[in-house]
Amino acid sequence: MPVVKLVVGTRACPARSRARRSILAAVAVMLGALVPAVAAAGGRQAAPARASQRPAPRQFNLPGAADPPAPVAPEVIVRGDNGRVVVRATKLAAPLVIDGVLDEPVYAEVKSISDFIQTVPNEGEPATERTEAWITYDENNFYLSCRCWDSASAEEWTANELRRDTSQLRQNDMFGALLDTFHDRRNGFNFYTNPLGARADQVVTNEGNPNADWNPVWFVRTGRFEGGWTVEMAIPFKSIRYVSGNDQEWGIQIRRSIRRKNEWTHLTFVPAATGGVTSIFRASAAATLVGLDLPPASKNVELKPYAISKLTTDKVRAPQLLNDLTATGGIDAKYGINANMTADLTINTDFAQVEVDEQQVNLTRFPVVFPEKRDFFLEGRGTFEFARGSGQGGFSGQTNINNNAPQLFFTRRIGLNNGREVPIIAGGRVTGTMGKTAIGVMNMETGYESRTDVDRDACAPPYGDCTPRTNFTVMRVRRDILRRSNIGAIFTNRSHSPIAAGANQAYGVDAAFSFFQNLTANAYYARSESPNREGDEDSYQGRMEYAGDRYGARIDYLDVGANYYPEIGFVQRRGFGRTFGSARFSPRLRGSKVVRRYLFEGAAEYVVNRAGDVESSSRTAHFLTEFQNSDQFVFDVNVDYERLLRPFTVSPGVAIAPGEYPFTSVRTSYAFGQQRRASGTIALTMGNFYDGDLTQLTLSGARVAVTRQFSVEPSVTVSRGRLPAGDFTDTLFRTRVDYAFTPLRFFSALVQYNSSDHTFSSNVRFRWEYRPGSEIFVVYTDERDTTTSGYPGLRNRAFVMKVNRLFRF
């Protein structure tokens, strides 16, 4: 076994009176579930016992509870009667050899940390497999090592991912830790690995909002022994922020998952309501780590120059580009101002290595959101997030109702215009904390871009085929209050509004309150100022949610003004007020060997326009069965109503006319657990669609692990509609192929076909981290037109080679 060492049919009525009655009924149901729930919350080598027989603490491990006295050598852990835990780190005279073999004397001389506690399936019970962990450090590195005992053979372990930071890695057998280096019980650095030695790292902000695109330099090796697997991790102090000095205290949570059992265990008690995958984010439940005499924090200067060459063909542009060869370079720099504050600088920024967007099916009249994938904007994003609240994990958001909430700051507004790349001349960012206050400042300058030969002086708003040189500024401040709550403010400025001559500003304040273990309240108020747009420029929201394990409830009101235009943000819908309510009952079946949990949820949403009419409504009944093997069965019934004030095109050549449309649909799906060799979700939606019918068949999130190194991820959606305006069949097909040579070198290909856009595209990438933090990329991308006869005709194509090198001082 491996050993791991870790170093750190019914019609919706549009009448407003009936809408109000439905809202009140939903609120009454939620409060009925909320009140009692809140009240209740107050030959193999012979292995040691498979799990500790000592009863695990069943207290809630409440934030703010007093820690027990620190352990005195040779003890390394003390567990208090209130569930709080204190562990002691051991300082080493010489560095560990990171090879995944636990043969250094320290493993015999220092006691291990064990007695892990289940979060799921059996909250508070001892883990079913023994875990022995060691926490050590020296002048340069923080180390986390582990001997993961496992009663199953290696063939039964779930270990089929080598790539860094993938969602699939979280579905493997896993060991790792969250380091709360400022001991604020809110934020931390998360590191974990699987039996193959794959790496994942995240920055966790406010007990949630994880940023997996933070990629520090650290090292991990895994190994096997007759009773399980081992891990050794080494995390250089240069790679993390902390306060130096003797007798420092951190927070630490250690987690292990055993995926064949769908079991998630932790060093301390973590409630099942946090879920399994997201449970590590609950920093307030982490243990206290003592015995840290930390070296002086370096200035942590990093320089990362790059060189790139491109061969480009673009037949859509006017004039066309045919095999245009260019070469350029740039640099990214990072400077640690102090232990809590970091400055980043980028010059002539290039993102050619980033994977292309995955196309999406959109049968609504509102634009879809594509995720940010560019490294510079992903790093530090937790600081700039506005009105997101604290991460709660758990089961909120099970229904498929869209809340239409706008984003005041959306980074894809910088350096992109209608999907086209806009050159970034330079940019800078400062992020960090001053006491209990988090600060973020960003300034970016983008250059002129044109799809045609439009003269720069002739480029005028509204900008479509061209973009003038533009400056973007974002300032964010957030103050921690109480134990797990915060308040904040944000300001954005865009020097050229894309819709009218002049600048655009937006600003807002937000608050997130967390009470007890599972009760949260969030609110924001925001306003924009745009040229030629006056009145109704505000947006605000208030939300309260109880996200317990057995019961859940949520009430939400959102208002977006007709002239609310934050031009570095994203607004899906304007001029409405939305009321939403939901109630959930999700019992766990302790005695069942097949079913782990049932979930019943009802939700209602009403959207009222500025004329006072119900423009949209949706009522959903949601039923889910979670099986012990991680599979899930879902059945939904949706009763919708839409009032269209203008026609919209649902598919090329098919437009739905203005009018009032009540319609009902059902959706059923079965998800095969992601720990399986072949996984994915199959879903079927059938029912009314406006004044016609819609049938949609979807295969999503699918993955076939052909070998531990080679995987295929197919996805397909076929939508067939029958409407008076015309019938349509839209097909979206996507397949990703990944081959990992090692955890540091992989090949990936993404192929997509979209019948509604008549496009066929491919994106092939090779990435090699040839030394820590330094990479080589080779990328090929093309897009083709399927309306041409024979093989799809070329629209554009690019071949890119990029090399960067990290220098650390």
# chains A, B, ... in the order shown; residues from 1 in each chain; ligands from 1

$ residues_around --residues "Gln248 in chain A" --least-positions-apart "3" --cutoff "10 Å" --atoms "only C-alpha atoms" --output "PyMOL selection string"
chain A and resi 181-183+242-245+289-294

$ write_last_selection --atoms "N, CA and C atoms" --output "compact mmCIF listing (two decimals), in the first residue's frame"
# COMPACT_ATOMS: atom_id res chain seq x y z
N THR A 181 -2.50 29.98 8.42
CA THR A 181 -1.22 30.48 8.90
C THR A 181 -1.32 31.77 9.71
N PHE A 182 -2.44 32.47 9.65
CA PHE A 182 -2.64 33.65 10.48
C PHE A 182 -3.61 33.38 11.63
N HIS A 183 -4.06 32.15 11.72
CA HIS A 183 -4.93 31.69 12.80
C HIS A 183 -6.14 32.63 12.98
N TYR A 242 2.93 34.11 6.26
CA TYR A 242 2.79 33.79 7.68
C TYR A 242 3.48 34.87 8.50
N VAL A 243 3.29 34.83 9.80
CA VAL A 243 3.97 35.74 10.72
C VAL A 243 5.16 34.99 11.32
N SER A 244 6.34 35.55 11.20
CA SER A 244 7.54 34.89 11.71
C SER A 244 7.69 35.13 13.21
N GLY A 245 8.61 34.36 13.81
CA GLY A 245 8.88 34.52 15.24
C GLY A 245 8.66 33.23 16.00
N LEU A 289 -2.40 24.65 16.03
CA LEU A 289 -1.06 24.09 15.88
C LEU A 289 -0.07 24.97 16.65
N VAL A 290 0.64 24.39 17.59
CA VAL A 290 1.60 25.13 18.42
C VAL A 290 3.00 24.55 18.21
N GLY A 291 3.98 25.16 18.89
CA GLY A 291 5.36 24.69 18.79
C GLY A 291 6.08 25.19 17.56
N LEU A 292 5.62 26.30 16.99
CA LEU A 292 6.19 26.82 15.76
C LEU A 292 7.15 27.97 16.06
N ASP A 293 8.43 27.75 15.87
CA ASP A 293 9.44 28.80 15.91
C ASP A 293 9.84 29.08 14.47
N LEU A 294 9.19 30.06 13.86
CA LEU A 294 9.24 30.23 12.41
C LEU A 294 10.35 31.18 11.99

$ residues_around --residues "Ala387 in chain A" --least-positions-apart "3" --cutoff "8 Å" --atoms "only C-alpha atoms" --output "list in words"
Asp510, Ala511, Ala512, Asn522, Ala523 and Tyr524 of chain A

$ select_by_dssp --residues "range 225-368 of chain A" --states "strand (DSSP E)" --output "PyMOL selection string"
chain A and resi 225+228-236+245-258+263-266+287-294+302-314+321-338+341-349

$ residues_around --residues "Leu102 in chain A" --least-positions-apart "4" --cutoff "12 Å" --atoms "only C-alpha atoms" --output "list in words"
Pro2, Val3, Val4, Lys5, Leu6, Leu96, Val97, Ile98, Val106, Tyr107, Ala108, Glu132, Ala133, Trp134, Leu144, Ser145, Cys146, Arg147, Cys148, Arg221, Thr222, Gly223, Arg224, Phe225, Trp229, Thr230, Val231, Glu232 and Met233 of chain A

$ atom_distance --atom1 "CA of Gly602 in chain A" --atom2 "CA of Val634 in chain A"
13.4 Å

$ closest_residue --among "A:Ala339, A:Val751, A:Val422, A:Val441" --to "Glu358 in chain A" --atoms "only C-alpha atoms"
A:Val751

$ residues_around --residues "Thr729 in chain A" --least-positions-apart "4" --cutoff "10 Å" --atoms "only C-alpha atoms" --output "PyMOL selection string"
chain A and resi 651+694-696+718-722+755-756

$ select_by_dssp --residues "range 335-506 of chain A" --states "alpha helix (DSSP H)" --output "list in words"
Asp375, Phe376, Phe377, Leu378, Arg381, Gly382, Thr383 and Phe384 of chain A

$ residues_around --residues "Val637 in chain A" --least-positions-apart "3" --cutoff "10 Å" --atoms "only C-alpha atoms" --output "list in words"
Gly9, Gly602, Arg619, Thr620, Ala621, His622, Phe623, Asp640, Thr664, Ser665, Val666, Arg667, Thr668, Thr685 and Gly687 of chain A

$ write_last_selection --atoms "N, CA and C atoms" --output "tab-separated table (two decimals), in the first residue's frame"
chain	number	residue	atom	x	y	z
A	9	GLY	N	-47.19	20.49	-16.14
A	9	GLY	CA	-48.61	20.41	-16.49
A	9	GLY	C	-49.41	21.45	-15.83
A	602	GLY	N	-38.50	21.93	-1.90
A	602	GLY	CA	-39.44	22.71	-2.68
A	602	GLY	C	-38.96	24.14	-2.76
A	619	ARG	N	-41.79	27.25	-9.97
A	619	ARG	CA	-41.96	26.45	-8.76
A	619	ARG	C	-41.41	25.06	-9.04
A	620	THR	N	-40.56	24.61	-8.15
A	620	THR	CA	-39.83	23.36	-8.37
A	620	THR	C	-39.99	22.43	-7.17
A	621	ALA	N	-40.27	21.16	-7.48
A	621	ALA	CA	-40.22	20.10	-6.48
A	621	ALA	C	-39.03	19.21	-6.83
A	622	HIS	N	-38.13	19.03	-5.86
A	622	HIS	CA	-36.86	18.36	-6.12
A	622	HIS	C	-36.73	17.17	-5.17
A	623	PHE	N	-36.42	16.01	-5.74
A	623	PHE	CA	-36.20	14.81	-4.93
A	623	PHE	C	-34.88	14.19	-5.35
A	640	ASP	N	-43.40	26.52	-14.70
A	640	ASP	CA	-42.84	27.81	-15.06
A	640	ASP	C	-43.87	28.71	-15.72
A	664	THR	N	-44.99	23.33	-18.07
A	664	THR	CA	-44.55	22.39	-17.04
A	664	THR	C	-43.61	21.37	-17.66
A	665	SER	N	-42.59	20.99	-16.92
A	665	SER	CA	-41.64	19.99	-17.41
A	665	SER	C	-41.18	19.13	-16.25
A	666	VAL	N	-40.65	17.97	-16.58
A	666	VAL	CA	-40.05	17.08	-15.59
A	666	VAL	C	-38.64	16.74	-16.04
A	667	ARG	N	-37.79	16.52	-15.06
A	667	ARG	CA	-36.41	16.16	-15.35
A	667	ARG	C	-35.99	15.05	-14.41
A	668	THR	N	-35.35	14.04	-14.97
A	668	THR	CA	-34.82	12.96	-14.15
A	668	THR	C	-33.38	12.70	-14.57
A	685	THR	N	-34.97	15.53	-19.89
A	685	THR	CA	-35.95	16.56	-19.59
A	685	THR	C	-37.05	16.49	-20.65
A	687	GLY	N	-41.32	17.88	-21.52
A	687	GLY	CA	-42.48	18.65	-21.12
A	687	GLY	C	-42.75	19.81	-22.04

$ atom_distance --atom1 "CA of Lys238 in chain A" --atom2 "CA of Arg767 in chain A"
24.3 Å

$ closest_residue --among "A:Phe513, A:Tyr690, A:Phe635, A:Phe366" --to "Arg573 in chain A" --atoms "only C-alpha atoms"
A:Phe366

$ closest_atom_pairs --of "range 627-655 of chain A" --to "range 109-124 of chain A" --cutoff "12 Å" --atoms "only C-alpha atoms" --output "Markdown table"
| residue | atom | partner | partner_atom | distance |
| --- | --- | --- | --- | --- |
| A:Phe627 | CA | A:Pro121 | CA | 10.7 |
| A:Gln628 | CA | A:Pro121 | CA | 8.3 |
| A:Asn629 | CA | A:Pro121 | CA | 10.8 |
| A:Ser630 | CA | A:Pro121 | CA | 10.7 |

$ residues_around --residues "Gly488 in chain A" --least-positions-apart "2" --cutoff "9 Å" --atoms "only C-alpha atoms" --output "PyMOL selection string"
chain A and resi 386-387+438+476-480+486+490+508-512

$ closest_residue --among "A:Leu169, A:Ala272, A:Thr383, A:Arg412" --to "Phe370 in chain A" --atoms "only C-alpha atoms"
A:Arg412

$ atom_distance --atom1 "CA of Thr268 in chain A" --atom2 "CA of Arg588 in chain A"
21.3 Å

$ residues_around --residues "Pro423 in chain A" --least-positions-apart "6" --cutoff "9 Å" --atoms "only C-alpha atoms" --output "number ranges by chain"
A: 348-350, 415-416, 445-449

$ closest_residue --among "A:Ser284, A:Gln517, A:Gln253, A:Ser239" --to "Ala297 in chain A" --atoms "only C-alpha atoms"
A:Ser239
